[in-house]
$ cat structure-v1.cif   # mmCIF, C-alpha atoms
data_structure
loop_
_atom_site.label_atom_id
_atom_site.label_comp_id
_atom_site.auth_asym_id
_atom_site.auth_seq_id
_atom_site.Cartn_x
_atom_site.Cartn_y
_atom_site.Cartn_z
CA MET A 1 6.53 -41.28 24.96
CA LYS A 2 3.72 -40.40 22.58
CA ASN A 3 4.35 -36.65 23.02
CA GLN A 4 8.04 -37.20 22.39
CA LYS A 5 7.26 -39.01 19.14
CA ASN A 6 5.02 -36.14 18.09
CA ARG A 7 7.82 -33.66 18.70
CA VAL A 8 10.25 -35.76 16.70
CA SER A 9 7.81 -36.05 13.80
CA ARG A 10 7.32 -32.29 13.76
CA MET A 11 11.06 -31.77 13.55
CA GLY A 12 11.30 -34.25 10.70
CA LYS A 13 8.93 -32.43 8.38
CA ARG A 14 7.54 -28.96 7.87
CA VAL A 15 4.89 -27.88 10.33
CA THR A 16 1.55 -27.41 8.58
CA MET A 17 -1.00 -24.64 9.04
CA GLN A 18 -3.49 -27.23 10.28
CA GLN A 19 -1.09 -28.24 13.06
CA ILE A 20 -0.72 -24.60 14.06
CA ALA A 21 -4.49 -24.15 13.99
CA ASP A 22 -5.01 -27.20 16.20
CA ALA A 23 -2.39 -26.04 18.71
CA ALA A 24 -3.70 -22.47 18.81
CA GLY A 25 -7.37 -23.45 18.90
CA VAL A 26 -8.27 -21.42 15.82
CA SER A 27 -9.26 -22.19 12.25
CA LYS A 28 -6.80 -22.95 9.47
CA PHE A 29 -8.25 -19.88 7.71
CA ALA A 30 -7.24 -17.67 10.66
CA VAL A 31 -3.72 -19.10 10.59
CA SER A 32 -3.40 -18.43 6.88
CA ARG A 33 -4.62 -14.82 7.28
CA ALA A 34 -2.34 -14.20 10.25
CA LEU A 35 0.86 -15.56 8.71
CA THR A 36 0.38 -13.79 5.36
CA GLY A 37 -0.51 -10.42 6.88
CA LYS A 38 -4.04 -10.32 5.50
CA PRO A 39 -6.99 -8.72 7.32
CA GLY A 40 -9.61 -10.82 9.08
CA VAL A 41 -7.92 -11.51 12.42
CA SER A 42 -7.26 -9.22 15.37
CA GLU A 43 -3.73 -8.20 16.30
CA HIS A 44 -4.03 -10.20 19.53
CA THR A 45 -5.01 -13.35 17.60
CA ARG A 46 -2.29 -12.70 15.01
CA GLU A 47 0.38 -12.45 17.71
CA MET A 48 -0.90 -15.61 19.42
CA ILE A 49 -0.82 -17.55 16.13
CA VAL A 50 2.71 -16.34 15.30
CA ARG A 51 3.91 -17.30 18.77
CA THR A 52 2.34 -20.76 18.46
CA ALA A 53 3.86 -21.21 15.00
CA GLY A 54 7.27 -20.26 16.37
CA GLN A 55 6.99 -22.71 19.25
CA LEU A 56 6.08 -25.52 16.84
CA GLY A 57 9.10 -24.75 14.68
CA TYR A 58 7.21 -23.33 11.70
CA PHE A 59 9.89 -20.69 11.12
CA LYS A 60 12.84 -23.03 11.49
CA THR A 61 14.88 -23.48 8.31
CA GLU A 62 18.47 -24.18 7.34
CA PRO A 63 20.73 -21.49 8.86
CA LYS A 64 22.01 -18.74 6.61
CA TYR A 65 25.74 -18.42 6.08
CA ASN A 66 27.76 -15.27 5.65
CA ALA A 67 28.35 -14.47 1.98
CA MET A 68 32.08 -14.17 2.69
CA GLU A 69 32.22 -17.78 4.01
CA SER A 70 32.43 -20.90 1.93
CA PRO A 71 29.46 -23.16 2.64
CA ILE A 72 31.88 -26.08 2.63
CA SER A 73 34.33 -24.54 5.12
CA SER A 74 31.55 -23.34 7.39
CA GLY A 75 29.87 -26.72 7.37
CA ARG A 76 26.48 -25.15 6.66
CA LYS A 77 24.31 -25.42 3.60
CA PRO A 78 23.50 -22.27 1.62
CA VAL A 79 19.90 -21.19 1.26
CA LYS A 80 18.87 -21.25 -2.37
CA LYS A 81 18.11 -17.95 -4.03
CA HIS A 82 14.59 -16.67 -3.27
CA GLU A 83 13.98 -19.29 -0.56
CA GLY A 84 13.06 -18.45 3.00
CA THR A 85 10.71 -16.03 4.72
CA ILE A 86 10.70 -12.24 4.41
CA LEU A 87 9.48 -10.45 7.53
CA ILE A 88 7.35 -7.33 6.94
CA LEU A 89 7.36 -5.24 10.10
CA PHE A 90 4.77 -2.53 10.77
CA PRO A 91 5.05 0.01 13.60
CA ASN A 92 2.76 -0.19 16.60
CA ILE A 93 1.07 3.05 15.54
CA ARG A 94 -2.63 3.21 14.72
CA SER A 95 -2.21 5.38 11.59
CA GLN A 96 0.54 3.18 10.14
CA ASN A 97 -1.05 -0.16 9.32
CA ARG A 98 -2.32 -2.25 6.41
CA SER A 99 -5.72 -0.49 6.34
CA SER A 100 -4.12 2.93 5.84
CA LEU A 101 -4.72 4.70 2.52
CA TYR A 102 -0.97 5.30 2.37
CA TRP A 103 0.64 2.26 3.98
CA GLY A 104 -1.85 -0.30 2.68
CA PRO A 105 -0.82 0.14 -0.98
CA VAL A 106 2.85 0.07 0.07
CA PHE A 107 2.25 -3.33 1.66
CA ASP A 108 0.33 -4.48 -1.42
CA GLY A 109 3.37 -3.63 -3.54
CA ILE A 110 5.66 -5.58 -1.21
CA SER A 111 3.32 -8.58 -1.11
CA ALA A 112 2.80 -8.68 -4.88
CA ARG A 113 6.54 -8.57 -5.60
CA LEU A 114 7.34 -11.27 -3.05
CA ASN A 115 4.62 -13.45 -4.53
CA GLU A 116 6.21 -12.95 -7.96
CA LYS A 117 9.50 -14.16 -6.49
CA GLY A 118 7.84 -17.14 -4.80
CA MET A 119 8.96 -16.10 -1.32
CA ASP A 120 7.12 -16.64 1.96
CA ILE A 121 5.80 -13.58 3.77
CA LEU A 122 5.40 -13.04 7.50
CA THR A 123 3.76 -9.78 8.58
CA LEU A 124 4.05 -8.55 12.17
CA THR A 125 3.23 -5.45 14.13
CA GLU A 126 6.25 -4.11 16.03
CA PRO A 127 6.41 -5.91 19.40
CA SER A 128 6.32 -3.99 22.66
CA SER A 129 9.80 -5.31 23.47
CA ASP A 130 12.90 -5.78 21.32
CA HIS A 131 12.97 -9.56 21.83
CA MET A 132 10.80 -10.71 18.93
CA PHE A 133 13.48 -13.22 17.93
CA SER A 134 12.82 -15.15 21.11
CA VAL A 135 9.89 -16.56 19.11
CA LEU A 136 11.20 -16.21 15.57
CA ASN A 137 14.31 -18.10 14.63
CA PRO A 138 16.49 -15.41 13.00
CA ASP A 139 18.09 -18.04 10.76
CA ALA A 140 14.67 -18.60 9.17
CA ILE A 141 14.32 -14.93 8.18
CA ARG A 142 16.07 -14.13 4.90
CA GLY A 143 15.45 -10.41 5.30
CA VAL A 144 13.29 -7.72 6.87
CA ILE A 145 11.35 -4.85 5.31
CA THR A 146 10.09 -2.23 7.74
CA VAL A 147 7.14 -0.08 6.73
CA GLY A 148 7.06 3.29 8.49
CA THR A 149 8.54 4.35 11.81
CA ILE A 150 10.01 1.41 13.75
CA SER A 151 11.59 1.99 17.17
CA THR A 152 15.37 2.11 17.47
CA PRO A 153 15.69 -0.89 19.87
CA VAL A 154 13.87 -3.19 17.43
CA LEU A 155 15.97 -1.96 14.51
CA LEU A 156 19.14 -2.49 16.53
CA GLU A 157 18.08 -6.07 17.30
CA ILE A 158 17.69 -6.76 13.57
CA TYR A 159 20.98 -5.04 12.84
CA ARG A 160 22.79 -6.97 15.60
CA LEU A 161 21.66 -10.26 14.09
CA ARG A 162 22.98 -9.13 10.68
CA ILE A 163 19.68 -9.81 8.97
CA PRO A 164 19.43 -7.93 5.65
CA LEU A 165 17.18 -4.92 6.22
CA VAL A 166 15.43 -2.37 4.02
CA MET A 167 13.37 0.46 5.52
CA VAL A 168 10.52 2.10 3.61
CA ASP A 169 9.92 5.79 4.35
CA HIS A 170 12.06 5.81 7.47
CA GLU A 171 15.68 6.03 8.54
CA ASP A 172 17.42 5.90 11.89
CA SER A 173 20.71 7.56 12.77
CA ALA A 174 21.60 4.62 15.02
CA ILE A 175 22.13 2.22 12.11
CA HIS A 176 23.23 2.21 8.49
CA THR A 177 20.97 0.28 6.15
CA ASP A 178 19.22 0.48 2.79
CA THR A 179 16.17 2.74 2.54
CA VAL A 180 13.49 3.50 -0.04
CA PHE A 181 11.83 6.92 -0.05
CA THR A 182 9.73 9.16 -2.20
CA ASP A 183 11.86 12.06 -3.47
CA ASN A 184 10.21 14.37 -0.95
CA VAL A 185 12.59 17.31 -1.22
CA LYS A 186 12.43 17.60 -4.99
CA GLY A 187 8.69 16.93 -5.11
CA MET A 188 7.80 19.61 -2.57
CA LYS A 189 10.21 22.12 -4.06
CA GLU A 190 8.61 21.64 -7.48
CA LEU A 191 5.16 22.07 -5.94
CA VAL A 192 6.15 25.40 -4.37
CA LEU A 193 7.73 26.60 -7.61
CA MET A 194 4.54 25.70 -9.48
CA LEU A 195 2.41 27.66 -6.97
CA ALA A 196 4.73 30.66 -7.17
CA ALA A 197 4.53 30.58 -10.96
CA LYS A 198 0.76 30.83 -10.66
CA GLY A 199 1.08 34.02 -8.64
CA TYR A 200 0.95 32.92 -5.01
CA LYS A 201 3.22 34.97 -2.75
CA ARG A 202 2.05 34.48 0.85
CA PHE A 203 2.71 30.94 2.12
CA GLN A 204 2.51 28.90 5.31
CA PHE A 205 3.59 25.29 5.83
CA ALA A 206 1.61 22.84 7.98
CA GLY A 207 2.92 19.45 9.06
CA GLN A 208 3.96 17.30 11.99
CA LEU A 209 7.70 17.88 11.68
CA PRO A 210 8.61 15.73 14.70
CA ASP A 211 6.55 12.86 13.30
CA ALA A 212 8.39 11.53 10.26
CA VAL A 213 11.54 11.87 8.19
CA SER A 214 9.45 12.41 5.04
CA PHE A 215 7.63 15.37 6.58
CA ARG A 216 10.92 17.03 7.51
CA GLU A 217 12.18 16.48 3.97
CA ARG A 218 9.04 18.09 2.55
CA TRP A 219 9.59 21.06 4.88
CA LEU A 220 13.13 21.36 3.51
CA GLY A 221 11.86 21.23 -0.08
CA TYR A 222 9.27 23.91 0.78
CA ARG A 223 11.97 26.21 2.18
CA MET A 224 14.20 25.61 -0.85
CA GLY A 225 11.34 26.54 -3.20
CA LEU A 226 10.64 29.78 -1.35
CA GLU A 227 14.33 30.67 -1.35
CA GLU A 228 14.68 30.04 -5.06
CA MET A 229 11.70 32.33 -5.77
CA GLN A 230 12.99 34.88 -3.23
CA LEU A 231 9.73 34.74 -1.28
CA GLN A 232 9.62 35.57 2.41
CA SER A 233 7.50 33.59 4.86
CA ASP A 234 7.11 34.32 8.57
CA GLN A 235 6.36 30.72 9.51
CA HIS A 236 3.74 30.18 12.22
CA ALA A 237 5.27 27.75 14.75
CA GLY A 238 1.83 26.46 15.71
CA LEU A 239 1.51 24.79 12.30
CA LEU A 240 4.62 22.65 12.81
CA VAL A 241 3.54 20.75 15.92
CA GLN A 242 2.71 17.11 16.65
CA GLU A 243 -0.99 17.42 17.49
CA TYR A 244 -3.59 18.23 14.85
CA THR A 245 -5.76 19.95 17.44
CA GLU A 246 -2.95 22.46 18.06
CA MET A 247 -2.64 23.11 14.32
CA GLN A 248 -6.36 23.77 14.12
CA GLN A 249 -6.16 26.09 17.09
CA ALA A 250 -3.33 28.02 15.41
CA ILE A 251 -5.63 28.74 12.44
CA ILE A 252 -8.53 29.64 14.72
CA ASP A 253 -6.37 32.11 16.68
CA MET A 254 -4.74 33.64 13.60
CA LYS A 255 -5.78 37.15 12.60
CA LEU A 256 -7.74 37.15 9.36
CA GLU A 257 -5.18 39.40 7.69
CA ASP A 258 -2.43 36.90 8.61
CA ILE A 259 -4.09 33.95 6.91
CA PRO A 260 -1.92 33.24 3.85
CA GLU A 261 -2.90 32.81 0.22
CA VAL A 262 -1.93 29.15 0.36
CA ILE A 263 -1.17 26.60 3.08
CA VAL A 264 1.27 23.97 1.85
CA CYS A 265 0.75 20.77 3.86
CA ALA A 266 3.03 17.81 4.53
CA ASN A 267 0.36 15.36 3.38
CA ASP A 268 -3.26 15.21 2.28
CA HIS A 269 -4.59 14.38 5.75
CA THR A 270 -2.99 17.53 7.16
CA ALA A 271 -4.54 19.44 4.26
CA PHE A 272 -7.96 18.10 5.27
CA ILE A 273 -7.36 19.27 8.86
CA MET A 274 -6.42 22.75 7.62
CA ILE A 275 -9.49 22.97 5.37
CA GLU A 276 -11.75 22.10 8.31
CA ALA A 277 -10.08 24.78 10.48
CA LEU A 278 -10.39 27.42 7.77
CA ARG A 279 -14.05 26.58 7.19
CA SER A 280 -14.72 26.89 10.92
CA ARG A 281 -13.75 30.56 10.51
CA ASP A 282 -15.83 30.97 7.34
CA VAL A 283 -12.67 31.35 5.26
CA GLN A 284 -13.47 30.27 1.71
CA VAL A 285 -11.34 27.45 0.35
CA PRO A 286 -9.71 27.80 -2.14
CA GLU A 287 -10.98 31.32 -3.09
CA ARG A 288 -9.54 33.09 -0.02
CA CYS A 289 -6.95 30.48 1.02
CA ALA A 290 -5.87 27.55 -1.12
CA VAL A 291 -4.63 24.34 0.51
CA THR A 292 -2.24 21.79 -0.98
CA GLY A 293 -1.31 18.30 0.15
CA PHE A 294 1.24 15.60 -0.65
CA ASP A 295 0.49 11.87 -1.24
CA ASN A 296 -2.84 12.02 -3.15
CA THR A 297 -4.89 10.02 -0.65
CA ARG A 298 -7.88 12.40 -0.33
CA THR A 299 -9.34 13.02 -3.76
CA ASP A 300 -12.78 14.16 -2.54
CA ASP A 301 -11.55 17.21 -0.60
CA PRO A 302 -10.91 20.65 -2.15
CA ILE A 303 -7.14 20.16 -2.09
CA MET A 304 -5.94 22.34 -4.92
CA ALA A 305 -2.67 20.52 -5.57
CA THR A 306 -0.89 17.44 -4.32
CA ALA A 307 1.85 14.98 -5.29
CA HIS A 308 0.98 11.45 -6.27
CA ILE A 309 3.21 8.95 -4.51
CA HIS A 310 3.56 5.63 -6.29
CA LYS A 311 2.93 3.64 -3.12
CA GLU A 312 2.84 0.15 -4.63
CA HIS A 313 6.07 0.93 -6.47
CA LEU A 314 7.71 1.95 -3.19
CA GLY A 315 6.88 -1.49 -1.82
CA ALA A 316 8.00 -3.35 -4.93
CA ARG A 317 11.33 -1.51 -5.07
CA ALA A 318 11.92 -2.27 -1.38
CA VAL A 319 11.69 -5.98 -2.22
CA ASP A 320 14.07 -5.55 -5.16
CA GLN A 321 16.52 -3.74 -2.93
CA LEU A 322 16.31 -6.40 -0.24
CA LEU A 323 16.95 -9.25 -2.68
CA TRP A 324 19.91 -7.34 -4.07
CA ARG A 325 21.21 -6.75 -0.55
CA ILE A 326 20.88 -10.45 0.34
CA ASN A 327 23.08 -11.30 -2.64
CA THR A 328 25.42 -8.30 -2.21
CA PRO A 329 25.95 -7.98 1.57
CA GLU A 330 29.24 -6.08 1.41
CA ALA A 331 28.14 -3.31 -0.98
CA PRO A 332 27.70 0.24 0.40
CA HIS A 333 24.24 1.03 1.70
CA GLU A 334 21.89 2.77 -0.70
CA ARG A 335 19.04 5.26 -0.45
CA LYS A 336 16.54 4.83 -3.29
CA LEU A 337 14.37 7.83 -4.27
CA ILE A 338 11.11 7.42 -6.18
CA HIS A 339 9.73 10.36 -8.15
CA ALA A 340 6.35 11.86 -7.11
CA GLU A 341 4.06 13.31 -9.80
CA LEU A 342 2.58 16.75 -9.18
CA ILE A 343 -1.17 17.12 -9.59
CA MET A 344 -2.86 20.51 -10.00
CA ARG A 345 -6.63 20.18 -9.77
CA ASP A 346 -7.77 22.70 -12.34
CA GLU A 347 -11.38 22.71 -11.12
CA TYR A 348 -10.21 24.41 -7.92
CA HIS A 349 -7.53 26.66 -9.39
CA SER A 350 -9.94 27.94 -12.06
CA LEU A 351 -12.06 29.44 -9.30
CA LEU A 352 -9.24 31.92 -8.63
CA ALA A 353 -8.74 32.98 -12.25
#

$ encode --input "structure-v1.cif" --output "structure tokens"
Amino acid sequence: MKNQKNRVSRMGKRVTMQQIADAAGVSKFAVSRALTGKPGVSEHTREMIVRTAGQLGYFKTEPKYNAMESPISSGRKPVKKHEGTILILFPNIRSQNRSSLYWGPVFDGISARLNEKGMDILTLTEPSSDHMFSVLNPDAIRGVITVGTISTPVLLEIYRLRIPLVMVDHEDSAIHTDTVFTDNVKGMKELVLMLAAKGYKRFQFAGQLPDAVSFRERWLGYRMGLEEMQLQSDQHAGLLVQEYTEMQQAIIDMKLEDIPEVIVCANDHTAFIMIEALRSRDVQVPERCAVTGFDNTRTDDPIMATAHIHKEHLGARAVDQLLWRINTPEAPHERKLIHAELIMRDEYHSLLA
């Protein structure tokens, strides 16, 4: 009887973080860090806390109603504007998490904007199965923002439940939803045109094309830039593979006379990998072969040019788009593009003058 009374009392008022902490056997501090997506707890502990919170009813709220229904005719109460929890979903990929130099600032932008709007945040790593809503009550989730590459089954589960969804830096042909991207094609094309204007004629591109939509878009922008300048490039297939070790090996096996004047990379980390491979062959960088990146995350390496991505702004605009989508569910889906600023590091280019 006592346990039954406890369950009734929980249902009558909002579950507190202290109750979750007591049930999970952790500190209230750990619960707070886990539910707000902050560092300080392991992924295992975070998942255990979220599961416990779900079982206690922490995520239970008034059900949402379809915007085309009348709240009176449906018999359900509308959720007030900017109430409810926004789920931020990260992929289960080591390089795509909150500690990343790229994805961390994106999350910071999302978090800051949601705090401005006074909305609750729940941050999760993509589950191994597509049944995450067996723990989370979908009616408690006002919307979802995915950060990076989320698997198709999980996206389809969100889509099936008709939860408003915005994807940052990813899209999936299986569903139609709002997305927010850097303008990768235009940014990379402008970078190539700038390099060509400075006299570079022999190019190679390096990037994990199977890895991300953004990388494929940067490859397209690269090809468009070469075409516009009427420059030919016999692309080395070994520089377009998934594994960095294979890219490095492609440079190591390349004849010295085939090493280009500039290697244009899909991002700054790939540029770092290429610089290391070139140095292993005693090829001077940037005097003999210049290397460019895209995202401006490695400022200490001799990357001659890059494009600065406004990562926090990507996150903030994803929130804006999601709130708009929540209030405008029937509007056509949109793809937002954020401009990237080109950066030419004169201290490296001057060495070639």

$ resolve_selection --input "structure-v1.cif" --expression "the PyMOL selection byres ((chain A and resi 196) around 12)" --output "MDAnalysis selection string"
chainID A and resid 189:195 197:203 222 225:232 261:262 264

$ closest_residue --input "structure-v1.cif" --among "A:Asp300, A:Glu330, A:Asp320, A:Asp22" --to "Val180 (chain A)" --atoms "all atoms listed in the file"
A:Asp320

$ resolve_selection --input "structure-v1.cif" --expression "the PyMOL selection byres ((chain A and resi 92) around 7)" --output "PyMOL selection string"
chain A and resi 90-91+93-94+125-126

$ write_last_selection --input "structure-v1.cif" --atoms "C-alpha atoms" --output "CSV table (one decimal), keeping the file's coordinate frame"
chain,number,residue,atom,x,y,z
A,90,PHE,CA,4.8,-2.5,10.8
A,91,PRO,CA,5.0,0.0,13.6
A,93,ILE,CA,1.1,3.0,15.5
A,94,ARG,CA,-2.6,3.2,14.7
A,125,THR,CA,3.2,-5.4,14.1
A,126,GLU,CA,6.2,-4.1,16.0

$ resolve_selection --input "structure-v1.cif" --expression "the PyMOL selection byres ((chain A and resi 148-159) around 8)" --output "list of chain:residue names"
A:Phe90, A:Pro91, A:Asn92, A:Gln96, A:Trp103, A:Glu126, A:Ser129, A:Asp130, A:His131, A:Thr146, A:Val147, A:Arg160, A:Leu161, A:Arg162, A:Ile163, A:Pro164, A:Leu165, A:Met167, A:Val168, A:Asp169, A:His170, A:Asp172, A:Ala174, A:Ile175, A:Ala212

$ atom_distance --input "structure-v1.cif" --atom1 "CA of Val285 (chain A)" --atom2 "CA of Gly238 (chain A)"
20.3 Å

$ closest_residue --input "structure-v1.cif" --among "A:Thr85, A:Ser173, A:Asn267, A:Gln204" --to "Pro138 (chain A)" --atoms "all atoms listed in the file"
A:Thr85

$ closest_residue --input "structure-v1.cif" --among "A:Leu240, A:Ile121, A:Leu322, A:Ile49" --to "Thr177 (chain A)" --atoms "only C-alpha atoms"
A:Leu322

$ atom_distance --input "structure-v1.cif" --atom1 "CA of Glu334 (chain A)" --atom2 "CA of Arg142 (chain A)"
18.7 Å

$ closest_residue --input "structure-v1.cif" --among "A:Val291, A:Val241, A:Ile309, A:Leu101" --to "Leu342 (chain A)" --atoms "all atoms listed in the file"
A:Ile309

$ residues_around --input "structure-v1.cif" --residues "Leu278 (chain A)" --least-positions-apart "5" --cutoff "12 Å" --atoms "only C-alpha atoms" --output "PyMOL selection string"
chain A and resi 247-256+259-263+271-273+283-291

$ decode --input "structure-v1.cif" --residues "region 95-116 of chain A" --atoms "N, CA, C and O atoms" --output "PDB file, in the first residue's frame"
ATOM      1  N   SER A  95      33.855  10.255 -33.047  1.00  0.00           N
ATOM      2  CA  SER A  95      34.303  11.581 -33.487  1.00  0.00           C
ATOM      3  C   SER A  95      33.190  12.615 -33.472  1.00  0.00           C
ATOM      4  O   SER A  95      33.450  13.805 -33.608  1.00  0.00           O
ATOM      5  N   GLN A  96      31.948  12.171 -33.300  1.00  0.00           N
ATOM      6  CA  GLN A  96      30.812  13.096 -33.344  1.00  0.00           C
ATOM      7  C   GLN A  96      30.139  13.147 -31.974  1.00  0.00           C
ATOM      8  O   GLN A  96      29.123  12.498 -31.731  1.00  0.00           O
ATOM      9  N   ASN A  97      30.735  13.948 -31.084  1.00  0.00           N
ATOM     10  CA  ASN A  97      30.196  14.059 -29.726  1.00  0.00           C
ATOM     11  C   ASN A  97      30.420  15.470 -29.207  1.00  0.00           C
ATOM     12  O   ASN A  97      30.967  16.330 -29.893  1.00  0.00           O
ATOM     13  N   ARG A  98      30.028  15.715 -27.965  1.00  0.00           N
ATOM     14  CA  ARG A  98      30.067  17.057 -27.407  1.00  0.00           C
ATOM     15  C   ARG A  98      31.480  17.564 -27.150  1.00  0.00           C
ATOM     16  O   ARG A  98      31.696  18.762 -26.975  1.00  0.00           O
ATOM     17  N   SER A  99      32.473  16.662 -27.099  1.00  0.00           N
ATOM     18  CA  SER A  99      33.857  17.091 -26.873  1.00  0.00           C
ATOM     19  C   SER A  99      34.588  17.409 -28.173  1.00  0.00           C
ATOM     20  O   SER A  99      35.727  17.872 -28.153  1.00  0.00           O
ATOM     21  N   SER A 100      33.937  17.186 -29.300  1.00  0.00           N
ATOM     22  CA  SER A 100      34.543  17.444 -30.606  1.00  0.00           C
ATOM     23  C   SER A 100      34.743  18.938 -30.829  1.00  0.00           C
ATOM     24  O   SER A 100      33.907  19.766 -30.432  1.00  0.00           O
ATOM     25  N   LEU A 101      35.845  19.286 -31.488  1.00  0.00           N
ATOM     26  CA  LEU A 101      36.104  20.689 -31.823  1.00  0.00           C
ATOM     27  C   LEU A 101      35.064  21.236 -32.786  1.00  0.00           C
ATOM     28  O   LEU A 101      34.846  22.448 -32.845  1.00  0.00           O
ATOM     29  N   TYR A 102      34.431  20.357 -33.530  1.00  0.00           N
ATOM     30  CA  TYR A 102      33.391  20.785 -34.483  1.00  0.00           C
ATOM     31  C   TYR A 102      32.001  20.689 -33.845  1.00  0.00           C
ATOM     32  O   TYR A 102      31.255  21.664 -33.793  1.00  0.00           O
ATOM     33  N   TRP A 103      31.658  19.514 -33.346  1.00  0.00           N
ATOM     34  CA  TRP A 103      30.293  19.287 -32.880  1.00  0.00           C
ATOM     35  C   TRP A 103      30.027  19.920 -31.522  1.00  0.00           C
ATOM     36  O   TRP A 103      28.878  20.277 -31.222  1.00  0.00           O
ATOM     37  N   GLY A 104      31.054  20.068 -30.690  1.00  0.00           N
ATOM     38  CA  GLY A 104      30.872  20.706 -29.399  1.00  0.00           C
ATOM     39  C   GLY A 104      30.303  22.114 -29.508  1.00  0.00           C
ATOM     40  O   GLY A 104      29.293  22.438 -28.863  1.00  0.00           O
ATOM     41  N   PRO A 105      30.910  22.989 -30.328  1.00  0.00           N
ATOM     42  CA  PRO A 105      30.344  24.336 -30.492  1.00  0.00           C
ATOM     43  C   PRO A 105      28.941  24.335 -31.108  1.00  0.00           C
ATOM     44  O   PRO A 105      28.131  25.217 -30.793  1.00  0.00           O
ATOM     45  N   VAL A 106      28.644  23.362 -31.976  1.00  0.00           N
ATOM     46  CA  VAL A 106      27.284  23.262 -32.518  1.00  0.00           C
ATOM     47  C   VAL A 106      26.294  23.017 -31.377  1.00  0.00           C
ATOM     48  O   VAL A 106      25.250  23.666 -31.279  1.00  0.00           O
ATOM     49  N   PHE A 107      26.647  22.082 -30.499  1.00  0.00           N
ATOM     50  CA  PHE A 107      25.790  21.807 -29.344  1.00  0.00           C
ATOM     51  C   PHE A 107      25.672  23.029 -28.434  1.00  0.00           C
ATOM     52  O   PHE A 107      24.593  23.326 -27.918  1.00  0.00           O
ATOM     53  N   ASP A 108      26.784  23.744 -28.243  1.00  0.00           N
ATOM     54  CA  ASP A 108      26.740  24.949 -27.410  1.00  0.00           C
ATOM     55  C   ASP A 108      25.746  25.963 -27.970  1.00  0.00           C
ATOM     56  O   ASP A 108      25.019  26.623 -27.220  1.00  0.00           O
ATOM     57  N   GLY A 109      25.725  26.088 -29.299  1.00  0.00           N
ATOM     58  CA  GLY A 109      24.785  27.008 -29.932  1.00  0.00           C
ATOM     59  C   GLY A 109      23.344  26.577 -29.728  1.00  0.00           C
ATOM     60  O   GLY A 109      22.457  27.405 -29.489  1.00  0.00           O
ATOM     61  N   ILE A 110      23.094  25.263 -29.821  1.00  0.00           N
ATOM     62  CA  ILE A 110      21.752  24.737 -29.581  1.00  0.00           C
ATOM     63  C   ILE A 110      21.334  25.000 -28.134  1.00  0.00           C
ATOM     64  O   ILE A 110      20.246  25.506 -27.858  1.00  0.00           O
ATOM     65  N   SER A 111      22.223  24.641 -27.206  1.00  0.00           N
ATOM     66  CA  SER A 111      21.925  24.777 -25.783  1.00  0.00           C
ATOM     67  C   SER A 111      21.660  26.224 -25.391  1.00  0.00           C
ATOM     68  O   SER A 111      20.699  26.523 -24.669  1.00  0.00           O
ATOM     69  N   ALA A 112      22.505  27.140 -25.888  1.00  0.00           N
ATOM     70  CA  ALA A 112      22.350  28.555 -25.538  1.00  0.00           C
ATOM     71  C   ALA A 112      21.013  29.099 -26.035  1.00  0.00           C
ATOM     72  O   ALA A 112      20.316  29.827 -25.323  1.00  0.00           O
ATOM     73  N   ARG A 113      20.629  28.732 -27.272  1.00  0.00           N
ATOM     74  CA  ARG A 113      19.372  29.237 -27.823  1.00  0.00           C
ATOM     75  C   ARG A 113      18.169  28.654 -27.071  1.00  0.00           C
ATOM     76  O   ARG A 113      17.193  29.373 -26.791  1.00  0.00           O
ATOM     77  N   LEU A 114      18.224  27.377 -26.725  1.00  0.00           N
ATOM     78  CA  LEU A 114      17.119  26.783 -25.982  1.00  0.00           C
ATOM     79  C   LEU A 114      17.002  27.393 -24.588  1.00  0.00           C
ATOM     80  O   LEU A 114      15.897  27.589 -24.072  1.00  0.00           O
ATOM     81  N   ASN A 115      18.145  27.710 -23.989  1.00  0.00           N
ATOM     82  CA  ASN A 115      18.105  28.381 -22.688  1.00  0.00           C
ATOM     83  C   ASN A 115      17.469  29.763 -22.805  1.00  0.00           C
ATOM     84  O   ASN A 115      16.718  30.195 -21.925  1.00  0.00           O
ATOM     85  N   GLU A 116      17.781  30.463 -23.910  1.00  0.00           N
ATOM     86  CA  GLU A 116      17.149  31.766 -24.152  1.00  0.00           C
ATOM     87  C   GLU A 116      15.635  31.628 -24.222  1.00  0.00           C
ATOM     88  O   GLU A 116      14.890  32.503 -23.754  1.00  0.00           O
TER      89      GLU A 116
END
